[in-house]
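Printed here is work38.tsv (TSV, C-alpha atoms and all ligand atoms):
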```tsv
chain	number	residue	atom	x	y	z
A	79	VAL	CA	106.86	122.87	104.89
A	80	PRO	CA	103.95	122.35	102.49
A	81	THR	CA	101.26	120.25	104.13
A	82	ASP	CA	98.36	118.37	102.74
A	83	ARG	CA	95.87	116.17	104.52
A	84	ILE	CA	93.16	114.39	102.58
A	85	SER	CA	90.40	112.78	104.59
A	86	VAL	CA	88.86	109.48	103.55
A	87	GLU	CA	85.37	109.23	104.96
A	88	ILE	CA	84.07	105.69	105.02
A	89	PRO	CA	81.22	104.58	107.29
A	90	GLY	CA	82.94	103.30	110.42
A	91	ALA	CA	86.40	104.48	109.37
A	92	HIS	CA	87.41	108.09	108.95
A	93	TYR	CA	91.10	108.60	108.41
A	94	ASP	CA	93.56	111.00	106.93
A	95	VAL	CA	96.16	110.57	104.22
A	96	TYR	CA	98.99	112.96	105.03
A	97	VAL	CA	101.11	114.07	102.08
A	98	ARG	CA	104.05	116.02	103.42
A	99	ARG	CA	107.73	116.27	102.61
A	100	GLY	CA	109.94	115.12	105.47
A	101	LEU	CA	107.09	113.23	107.14
A	102	LEU	CA	109.14	110.07	107.77
A	103	GLN	CA	111.29	111.87	110.35
A	104	GLN	CA	108.15	113.06	112.12
A	105	ALA	CA	106.34	109.73	111.81
A	106	ALA	CA	106.62	108.88	115.48
A	107	ALA	CA	105.08	112.17	116.61
A	108	LEU	CA	102.05	111.45	114.43
A	109	LEU	CA	101.95	107.84	115.58
A	110	ARG	CA	101.88	109.03	119.19
A	111	SER	CA	98.69	110.98	118.48
A	112	LEU	CA	97.08	107.84	117.04
A	113	SER	CA	98.30	105.07	119.33
A	114	SER	CA	99.58	104.75	122.89
A	115	SER	CA	101.25	101.40	122.30
A	116	PRO	CA	104.88	101.25	123.49
A	117	ARG	CA	105.71	99.01	120.53
A	118	ALA	CA	105.04	98.97	116.80
A	119	ALA	CA	105.48	96.27	114.17
A	120	VAL	CA	107.24	97.59	111.08
A	121	ILE	CA	106.87	95.55	107.89
A	122	THR	CA	109.20	96.47	105.07
A	123	ASP	CA	111.11	94.85	102.21
A	124	SER	CA	114.80	94.24	101.64
A	125	ASN	CA	115.29	97.24	99.31
A	126	VAL	CA	113.43	99.77	101.44
A	127	ALA	CA	114.99	98.47	104.67
A	128	ALA	CA	118.45	99.38	103.40
A	129	LEU	CA	117.36	102.91	102.50
A	130	HIS	CA	114.74	104.16	104.93
A	131	LEU	CA	114.13	101.76	107.83
A	132	HIS	CA	116.75	103.42	110.05
A	133	THR	CA	114.99	106.79	109.77
A	134	LEU	CA	111.69	105.31	110.92
A	135	VAL	CA	113.24	103.28	113.73
A	136	ALA	CA	115.15	106.33	114.96
A	137	SER	CA	111.99	108.42	114.87
A	138	LEU	CA	110.16	105.77	116.90
A	139	SER	CA	112.89	105.30	119.48
A	140	ALA	CA	113.04	109.07	120.02
A	141	VAL	CA	109.55	108.80	121.53
A	142	SER	CA	110.36	105.49	123.25
A	143	VAL	CA	108.41	103.28	120.86
A	144	GLU	CA	110.14	99.97	120.28
A	145	ALA	CA	110.08	98.83	116.64
A	146	ILE	CA	109.65	95.14	115.87
A	147	ALA	CA	111.01	95.25	112.32
A	148	ILE	CA	110.29	92.51	109.82
A	149	THR	CA	111.95	92.59	106.42
A	150	LEU	CA	110.25	90.66	103.62
A	151	PRO	CA	111.96	89.73	100.35
A	152	ALA	CA	111.23	92.46	97.77
A	153	GLY	CA	109.10	91.96	94.68
A	154	GLU	CA	105.74	90.89	93.36
A	155	SER	CA	106.90	87.26	93.02
A	156	HIS	CA	107.07	87.08	96.83
A	157	LYS	CA	103.55	88.43	97.32
A	158	GLU	CA	102.16	85.15	98.59
A	159	LEU	CA	101.00	83.60	101.85
A	160	ALA	CA	104.21	81.63	102.34
A	161	THR	CA	106.20	84.88	102.59
A	162	LEU	CA	104.01	86.06	105.45
A	163	ARG	CA	104.29	82.90	107.53
A	164	PRO	CA	107.55	83.90	109.28
A	165	ALA	CA	106.10	87.38	109.92
A	166	TYR	CA	103.09	85.91	111.76
A	167	ASP	CA	105.49	83.67	113.70
A	168	ALA	CA	107.80	86.52	114.69
A	169	LEU	CA	105.04	88.87	115.81
A	170	LEU	CA	103.30	86.20	117.86
A	171	ALA	CA	106.64	85.21	119.41
A	172	ALA	CA	107.13	88.87	120.34
A	173	ARG	CA	103.76	88.75	122.15
A	174	ILE	CA	102.19	91.64	120.34
A	175	ASP	CA	98.67	92.53	121.42
A	176	ARG	CA	95.52	93.93	119.80
A	177	ASN	CA	96.80	97.49	120.24
A	178	THR	CA	100.17	97.02	118.57
A	179	PRO	CA	100.07	99.06	115.37
A	180	VAL	CA	101.43	97.63	112.13
A	181	LEU	CA	103.41	100.14	110.08
A	182	THR	CA	104.01	99.09	106.47
A	183	LEU	CA	107.06	100.85	105.06
A	184	GLY	CA	107.27	100.10	101.35
A	185	GLY	CA	105.53	99.96	98.02
A	186	GLY	CA	102.26	98.33	97.11
A	187	VAL	CA	103.59	94.82	97.63
A	188	VAL	CA	104.64	95.51	101.23
A	189	GLY	CA	101.44	97.49	101.76
A	190	ASP	CA	99.16	94.74	100.48
A	191	MET	CA	101.00	91.98	102.35
A	192	GLY	CA	101.51	93.90	105.59
A	193	GLY	CA	97.93	95.14	105.37
A	194	PHE	CA	96.67	91.57	105.04
A	195	LEU	CA	98.78	90.56	108.01
A	196	ALA	CA	97.31	93.46	110.00
A	197	ALA	CA	93.80	92.47	108.92
A	198	THR	CA	94.18	88.87	110.04
A	199	LEU	CA	96.63	88.71	112.95
A	200	LEU	CA	94.67	88.62	116.23
A	201	ARG	CA	91.62	89.32	114.02
A	202	GLY	CA	92.82	92.79	113.19
A	203	LEU	CA	95.54	95.21	114.28
A	204	PRO	CA	95.68	98.97	113.70
A	205	LEU	CA	97.32	99.65	110.32
A	206	ILE	CA	99.41	102.69	109.39
A	207	PRO	CA	100.83	102.51	105.86
A	208	ILE	CA	103.92	104.56	105.06
A	209	PRO	CA	104.02	104.23	101.25
A	210	THR	CA	107.43	104.59	99.62
A	211	THR	CA	106.56	104.31	95.91
A	212	LEU	CA	104.52	106.73	93.82
A	213	LEU	CA	102.10	103.89	93.05
A	214	ALA	CA	101.56	103.13	96.71
A	215	MET	CA	101.16	106.82	97.61
A	216	VAL	CA	98.50	107.55	95.00
A	217	ASP	CA	96.73	104.20	95.12
A	218	ALA	CA	97.71	101.07	97.01
A	219	SER	CA	98.20	102.53	100.51
A	220	PHE	CA	94.57	103.46	101.17
A	221	GLY	CA	91.08	102.34	100.35
A	222	GLY	CA	91.21	99.19	102.47
A	223	LYS	CA	92.13	96.47	99.99
A	224	THR	CA	94.83	94.14	101.26
A	225	GLY	CA	95.94	90.73	100.10
A	226	VAL	CA	98.31	88.33	98.45
A	227	ASN	CA	98.43	86.55	95.12
A	228	HIS	CA	97.58	82.92	94.41
A	229	ARG	CA	98.83	80.97	91.40
A	230	GLU	CA	95.27	81.25	90.06
A	231	GLY	CA	95.58	85.04	89.92
A	232	LYS	CA	96.31	88.40	91.51
A	233	ASN	CA	95.11	89.36	94.99
A	234	LEU	CA	92.81	86.35	95.29
A	235	ILE	CA	93.41	85.98	99.03
A	236	GLY	CA	92.64	89.18	100.84
A	237	ALA	CA	90.57	91.28	103.17
A	238	PHE	CA	89.21	94.78	103.49
A	239	HIS	CA	91.04	96.54	106.32
A	240	GLN	CA	91.05	100.32	106.53
A	241	PRO	CA	94.10	102.10	107.92
A	242	LEU	CA	94.21	104.38	110.96
A	243	ALA	CA	96.11	106.97	108.93
A	244	VAL	CA	98.46	107.03	105.95
A	245	LEU	CA	101.80	108.86	105.99
A	246	ALA	CA	103.06	109.72	102.50
A	247	ASP	CA	106.45	111.45	102.39
A	248	PRO	CA	107.30	112.45	98.79
A	249	GLU	CA	110.98	112.87	99.79
A	250	LEU	CA	111.17	109.07	99.77
A	251	LEU	CA	110.57	109.09	96.03
A	252	LYS	CA	114.09	110.45	95.55
A	253	THR	CA	115.59	106.98	96.00
A	254	LEU	CA	113.07	105.32	93.71
A	255	PRO	CA	114.36	103.80	90.45
A	256	ALA	CA	113.05	105.63	87.36
A	257	ALA	CA	110.99	102.61	86.33
A	258	GLU	CA	109.03	102.83	89.58
A	259	ILE	CA	108.09	106.48	89.02
A	260	GLN	CA	106.82	105.36	85.63
A	261	ASN	CA	104.77	102.59	87.26
A	262	GLY	CA	103.14	105.11	89.58
A	263	LEU	CA	102.32	107.37	86.68
A	264	ALA	CA	100.22	104.55	85.20
A	265	GLU	CA	97.80	104.82	88.12
A	266	CYS	CA	97.87	108.64	87.93
A	267	ILE	CA	96.95	108.51	84.24
A	268	LYS	CA	94.16	106.08	85.17
A	269	HIS	CA	92.81	108.47	87.82
A	270	GLU	CA	92.83	111.49	85.51
A	271	MET	CA	91.18	109.50	82.73
A	272	ILE	CA	88.30	108.34	84.89
A	273	ARG	CA	87.61	111.63	86.65
A	274	ASP	CA	89.56	114.70	85.59
A	275	ALA	CA	90.15	115.95	82.04
A	276	ASP	CA	91.99	119.02	83.38
A	277	GLY	CA	94.24	116.82	85.49
A	278	PHE	CA	94.97	114.74	82.39
A	279	ALA	CA	95.95	117.89	80.47
A	280	ASP	CA	98.13	118.99	83.39
A	281	LEU	CA	99.93	115.64	83.30
A	282	GLU	CA	100.39	116.01	79.54
A	283	ALA	CA	102.06	119.36	80.16
A	284	ASN	CA	104.23	118.24	83.07
A	285	VAL	CA	104.98	114.53	82.82
A	286	GLU	CA	108.70	115.24	82.31
A	287	ARG	CA	108.79	117.07	85.65
A	288	ALA	CA	107.45	113.95	87.32
A	289	LEU	CA	110.06	111.80	85.59
A	290	ARG	CA	112.89	114.02	86.75
A	291	LEU	CA	111.63	113.77	90.34
A	292	ASP	CA	110.69	117.43	90.66
A	293	LEU	CA	109.10	117.26	94.11
A	294	ASP	CA	107.45	120.65	93.64
A	295	TYR	CA	105.39	118.92	90.97
A	296	LEU	CA	105.16	115.41	92.46
A	297	THR	CA	103.95	116.51	95.89
A	298	PRO	CA	100.75	118.21	94.67
A	299	LEU	CA	100.34	115.45	92.06
A	300	VAL	CA	100.26	112.87	94.85
A	301	ALA	CA	97.77	114.93	96.87
A	302	HIS	CA	95.56	115.47	93.82
A	303	ASN	CA	95.51	111.75	92.99
A	304	VAL	CA	94.84	110.77	96.59
A	305	GLY	CA	91.88	113.14	96.44
A	306	ILE	CA	90.42	111.48	93.34
A	307	LYS	CA	90.62	107.98	94.78
A	308	ALA	CA	89.48	109.13	98.25
A	309	ARG	CA	86.25	110.55	96.86
A	310	ILE	CA	85.49	107.38	94.91
A	311	VAL	CA	86.24	105.06	97.83
A	312	ALA	CA	84.16	107.18	100.21
A	313	ALA	CA	81.19	106.94	97.86
A	314	ASP	CA	81.48	103.15	97.51
A	315	PRO	CA	83.81	101.51	100.07
A	316	PHE	CA	82.91	97.89	99.22
A	317	GLU	CA	82.89	98.20	95.43
A	318	ARG	CA	79.18	97.79	94.82
A	319	GLY	CA	79.09	100.52	92.22
A	320	GLU	CA	81.33	103.39	91.15
A	321	ARG	CA	84.46	102.09	92.88
A	322	ALA	CA	84.63	99.67	89.95
A	323	HIS	CA	85.81	102.69	87.93
A	324	LEU	CA	89.16	102.36	89.69
A	325	ASN	CA	89.52	99.03	87.87
A	326	PHE	CA	89.87	100.89	84.59
A	327	GLY	CA	92.67	99.19	82.68
A	328	HIS	CA	92.90	96.44	85.31
A	329	THR	CA	90.73	93.72	83.74
A	330	PHE	CA	93.18	93.64	80.85
A	331	GLY	CA	96.08	94.67	83.12
A	332	HIS	CA	95.80	91.94	85.73
A	333	ALA	CA	95.49	89.32	82.98
A	334	ILE	CA	98.57	90.72	81.23
A	335	GLU	CA	100.49	90.78	84.50
A	336	LYS	CA	99.60	87.15	85.21
A	337	ALA	CA	100.20	85.97	81.62
A	338	SER	CA	103.63	87.61	81.67
A	339	ALA	CA	104.44	85.58	84.80
A	340	TYR	CA	105.01	88.95	86.51
A	341	SER	CA	107.89	89.85	84.22
A	342	LEU	CA	105.83	92.95	83.47
A	343	SER	CA	105.28	95.14	86.53
A	344	HIS	CA	101.85	96.10	87.78
A	345	GLY	CA	102.29	99.63	86.41
A	346	GLN	CA	103.44	98.41	82.99
A	347	SER	CA	100.56	95.94	82.84
A	348	VAL	CA	98.07	98.64	83.80
A	349	ALA	CA	99.50	100.93	81.11
A	350	LEU	CA	98.92	98.22	78.50
A	351	GLY	CA	95.49	97.65	80.01
A	352	LEU	CA	94.61	101.35	79.71
A	353	VAL	CA	95.57	101.23	76.04
A	354	ALA	CA	93.59	98.03	75.42
A	355	ALA	CA	90.50	99.43	77.16
A	356	SER	CA	90.81	102.65	75.14
A	357	THR	CA	91.12	100.63	71.92
A	358	ALA	CA	88.03	98.58	72.79
A	359	ALA	CA	86.18	101.82	73.64
A	360	THR	CA	87.10	103.27	70.25
A	361	THR	CA	85.96	100.12	68.46
A	362	MET	CA	82.68	100.26	70.38
A	363	GLY	CA	82.17	103.85	69.19
A	364	LEU	CA	82.51	105.26	72.72
A	365	LEU	CA	85.84	107.05	72.51
A	366	ASP	CA	87.06	109.18	69.61
A	367	ARG	CA	90.39	108.36	67.94
A	368	VAL	CA	92.04	111.63	68.91
A	369	SER	CA	91.42	110.97	72.60
A	370	ARG	CA	92.72	107.43	72.27
A	371	GLY	CA	95.83	108.86	70.62
A	372	ARG	CA	96.37	111.24	73.55
A	373	VAL	CA	96.22	108.31	75.96
A	374	VAL	CA	98.79	106.33	73.98
A	375	ASP	CA	101.08	109.38	73.69
A	376	LEU	CA	100.96	110.19	77.39
A	377	ILE	CA	101.64	106.57	78.35
A	378	ARG	CA	104.66	106.50	76.04
A	379	ARG	CA	105.96	109.85	77.30
A	380	ALA	CA	105.63	108.52	80.86
A	381	GLY	CA	108.09	105.78	79.87
A	382	LEU	CA	105.41	103.11	79.96
A	383	PRO	CA	104.64	100.49	77.30
A	384	ALA	CA	101.74	100.98	74.87
A	385	GLY	CA	102.79	98.02	72.74
A	386	GLY	CA	105.36	95.25	72.43
A	387	LEU	CA	103.22	92.72	74.27
A	388	GLU	CA	104.75	89.22	74.41
A	389	PRO	CA	102.21	86.74	75.87
A	390	SER	CA	99.76	85.44	73.27
A	391	THR	CA	96.25	86.83	73.05
A	392	ASP	CA	94.84	83.41	73.98
A	393	GLU	CA	96.93	83.33	77.15
A	394	ILE	CA	95.57	86.72	78.14
A	395	LEU	CA	91.97	85.78	77.35
A	396	ASP	CA	92.49	82.66	79.49
A	397	ALA	CA	93.88	84.76	82.32
A	398	MET	CA	90.79	86.97	82.06
A	399	GLY	CA	88.63	83.88	82.41
A	400	ILE	CA	86.99	84.49	79.05
A	401	ASP	CA	85.44	81.50	77.32
A	402	LYS	CA	86.87	82.02	73.84
A	403	LYS	CA	84.03	80.07	72.21
A	404	THR	CA	81.34	82.50	73.35
A	405	LEU	CA	80.71	85.74	71.51
A	406	ASN	CA	80.37	87.69	74.74
A	407	GLY	CA	82.04	86.53	77.94
A	408	LYS	CA	79.83	88.85	80.04
A	409	ILE	CA	82.93	90.29	81.67
A	410	ARG	CA	82.53	93.81	83.03
A	411	PHE	CA	84.85	96.31	81.45
A	412	VAL	CA	85.41	99.91	82.46
A	413	LEU	CA	85.68	101.90	79.24
A	414	PRO	CA	86.34	105.60	78.65
A	415	ASP	CA	83.77	107.54	76.65
A	416	ARG	CA	85.94	110.66	76.81
A	417	ILE	CA	89.00	111.77	78.72
A	418	GLY	CA	87.76	112.31	82.28
A	419	ASN	CA	84.84	109.87	82.21
A	420	VAL	CA	84.25	106.12	82.10
A	421	VAL	CA	81.30	103.76	81.79
A	422	VAL	CA	80.89	100.13	82.88
A	423	ARG	CA	79.90	97.69	80.12
A	424	ASP	CA	79.32	93.93	80.18
A	425	ASP	CA	78.43	93.66	76.51
A	426	VAL	CA	81.88	93.93	74.93
A	427	PRO	CA	82.02	91.25	72.19
A	428	THR	CA	84.89	88.79	72.53
A	429	PRO	CA	86.26	89.70	69.06
A	430	VAL	CA	86.55	93.34	70.21
A	431	ILE	CA	88.50	92.24	73.29
A	432	ARG	CA	90.69	89.97	71.16
A	433	ASP	CA	91.41	92.78	68.71
A	434	ALA	CA	92.27	95.23	71.50
A	435	ILE	CA	94.85	92.76	72.84
A	436	ASP	CA	96.19	91.98	69.34
A	437	GLN	CA	96.82	95.69	68.81
A	438	LEU	CA	99.15	95.71	71.85
A	439	ARG	CA	101.65	93.77	69.78
A	440	GLY	CA	102.45	96.76	67.56
N	501	LIG	N1	95.56	97.62	97.59
N	501	LIG	C1	95.34	98.39	96.56
N	501	LIG	O1	94.35	99.12	96.50
N	501	LIG	C2	96.32	98.40	95.42
N	501	LIG	C3	96.22	99.37	94.42
N	501	LIG	C4	97.19	99.38	93.41
N	501	LIG	C5	98.20	98.45	93.40
N	501	LIG	N2	98.24	97.49	94.38
N	501	LIG	C6	99.33	96.50	94.39
N	501	LIG	O2	100.58	97.19	94.54
N	501	LIG	C7	101.60	96.37	94.01
N	501	LIG	C8	102.56	97.23	93.21
N	501	LIG	O3	103.13	98.18	94.07
N	501	LIG	P1	104.50	98.91	93.72
N	501	LIG	O4	104.49	99.31	92.30
N	501	LIG	O5	104.70	99.95	94.75
N	501	LIG	O6	105.57	97.73	93.79
N	501	LIG	P2	106.63	97.27	94.91
N	501	LIG	O7	106.06	97.34	96.26
N	501	LIG	O8	107.16	95.96	94.45
N	501	LIG	O9	107.79	98.36	94.79
N	501	LIG	C9	108.53	98.45	93.61
N	501	LIG	C10	110.04	98.31	93.86
N	501	LIG	O10	110.55	99.52	94.42
N	501	LIG	C11	111.29	99.24	95.61
N	501	LIG	N3	111.12	100.42	96.45
N	501	LIG	C12	110.00	100.78	97.13
N	501	LIG	N4	110.15	102.02	97.64
N	501	LIG	C13	111.38	102.44	97.32
N	501	LIG	C14	112.11	103.64	97.56
N	501	LIG	N5	111.56	104.70	98.21
N	501	LIG	N6	113.37	103.75	97.06
N	501	LIG	C15	113.91	102.71	96.35
N	501	LIG	N7	113.26	101.57	96.08
N	501	LIG	C16	112.01	101.44	96.56
N	501	LIG	C17	110.69	97.97	96.12
N	501	LIG	O11	111.58	97.27	96.97
N	501	LIG	C18	110.42	97.20	94.83
N	501	LIG	O12	111.59	96.59	94.38
N	501	LIG	C19	100.93	95.30	93.20
N	501	LIG	O13	101.04	94.08	93.91
N	501	LIG	C20	99.49	95.72	93.13
N	501	LIG	O14	98.60	94.64	93.06
N	501	LIG	C21	97.34	97.47	95.37
N	502	ZN	ZN	96.63	99.16	89.96
```

In structure tokens, how does this file's structure come out?
Ligand SMILES: NC(=O)c1ccc[n+]([C@@H]2O[C@H](COP(=O)([O-])OP(=O)(O)OC[C@H]3O[C@@H](n4cnc5c(N)ncnc54)[C@H](O)[C@@H]3O)[C@@H](O)[C@H]2O)c1
Ligand SMILES: [Zn+2]
Amino acid sequence: VPTDRISVEIPGAHYDVYVRRGLLQQAAALLRSLSSSPRAAVITDSNVAALHLHTLVASLSAVSVEAIAITLPAGESHKELATLRPAYDALLAARIDRNTPVLTLGGGVVGDMGGFLAATLLRGLPLIPIPTTLLAMVDASFGGKTGVNHREGKNLIGAFHQPLAVLADPELLKTLPAAEIQNGLAECIKHEMIRDADGFADLEANVERALRLDLDYLTPLVAHNVGIKARIVAADPFERGERAHLNFGHTFGHAIEKASAYSLSHGQSVALGLVAASTAATTMGLLDRVSRGRVVDLIRRAGLPAGGLEPSTDEILDAMGIDKKTLNGKIRFVLPDRIGNVVVRDDVPTPVIRDAIDQLRG
């Protein structure tokens, strides 16, 4: 069985992200080495519960760990405090204690919500994410950011809470709808663009293998992407500096996601955001046109949108919090200056931002 273990070294929290096929069946054995609690809370969503919850519960009961399973409604539109209320109630009613680990079995929505619950319940419970989407494996399941949305915007209520370990089993990707593999590829393209020109070229050569769920390709792709984010998070756990690079495509992306009323997924919104940031970078004279073209091509080949945007440019500028009357909203943008490198700029003129969004309508 191919094994990979990437360590995330943050002051006060060293943990491993395991990337291994078949890991879900062995989850309890790993849990046993991390926790002696006779019980574990398992937070999942309605889709994942039907597919994979039984495997985890069986694995836990084989080592006499009782699972307290809580199934949340699936989808970004439920990523709000109100959805978590019954979960707090149920876990407190079950008399969990400070040692009861919280296992989040699901994509980034379950991971962010269950992670926030783990960060806040009894002032903090041990957290073990078991990501089930490509996006959650390469991005959302580690790094410590947890939270829920507010009608004012994405992830506005949240906490930093680092996991005890992360268990990524690429076999789980086999049940994932094609659109969700595409969403995960958006974050992979982001990672390669900010740090790894060779990785970007590798994705250009192999993106079809990812789309057809070739696990011999996806497994090392997950490990490689975990490695990129792990190094950035270790260097800057609280986002005082270079961790901001991981927001590449997200200033535009989060605004697009919100302006679309979440009819566009996070991955689709990020893809559009990567294109908009690349367009702005080209206008600013940072990125050459050929490189921008490669970004657009790869996004399209990954099945992601590079155009066809519906919300108006004004709605998106509003969602970004940009005062449209000022020439420069002083918003910080992460812009590529070549494939494999980004810079942070707060001097992007509002007309350049407006034009980059307008071009997403093509
Ligand atoms: N905390 C972070 O650092 C971080 C980073 C990136 C993204 N995020 C957040 O992650 C969220 C997006 O995550 P996502 O794209 O995983 O969305 P998601 O959690 O909504 O999952 C997508 C869909 O796939 C289903 N699903 C999950 N695993 C499955 C499987 N193995 N088989 C079949 N169906 C499955 C889910 O039920 C859902 O319908 C956003 O809310 C975003 O803000 C957080
Ligand atoms: Zn993202």

Which residues form the shell of 8 Å around ligand ZN 502 (chain N) when you count only C-alpha atoms and all ligand atoms, given as a ChimeraX atom specification? /A:213,217-218,265,325,328,344-345,348

Produce a file of the selected residues containing C-alpha atoms, as a compact mmCIF listing (two decimals), in the frame of the given file.
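Listing of part07.txt after writing:
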```txt
# COMPACT_ATOMS: atom_id res chain seq x y z
CA LEU A 213 102.10 103.89 93.05
CA ASP A 217 96.73 104.20 95.12
CA ALA A 218 97.71 101.07 97.01
CA GLU A 265 97.80 104.82 88.12
CA ASN A 325 89.52 99.03 87.87
CA HIS A 328 92.90 96.44 85.31
CA HIS A 344 101.85 96.10 87.78
CA GLY A 345 102.29 99.63 86.41
CA VAL A 348 98.07 98.64 83.80
```

How big is the axis-aligned box around all listed atoms of ligand LIG 501 (chain N) once 5 Å goes on each side, and where's its centre, in Å to one decimal, as JSON?
```
{"center_x": 104.1, "center_y": 99.4, "center_z": 95.3, "size_x": 29.6, "size_y": 20.6, "size_z": 15.9}
```

Please return as an MDAnalysis selection string the residues found within 7 Å of ligand LIG 501 (chain N), counting all atoms listed in the file. chainID A and resid 123:126 129 152:154 184:188 190 210:214 217:224 232:233 250:255 258 261:262 344:345

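Between atom CA of Val180 of chain A and atom CA of Asn303 of chain A the interatomic distance comes to 24.5 Å.
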
Which residue of A:Ala288, A:Leu200, A:Leu405, A:Leu112 approaches Gly381 of chain A most closely, using all atoms listed in the file: A:Ala288

Suppose you want the space between atom CA of Arg432 of chain A and atom CA of Thr391 of chain A; what is it in Å?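 Interatomic distance here is 6.7 Å.
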
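The space separating atom CA of Ser113 of chain A from atom CA of His132 of chain A comes to 20.7 Å.
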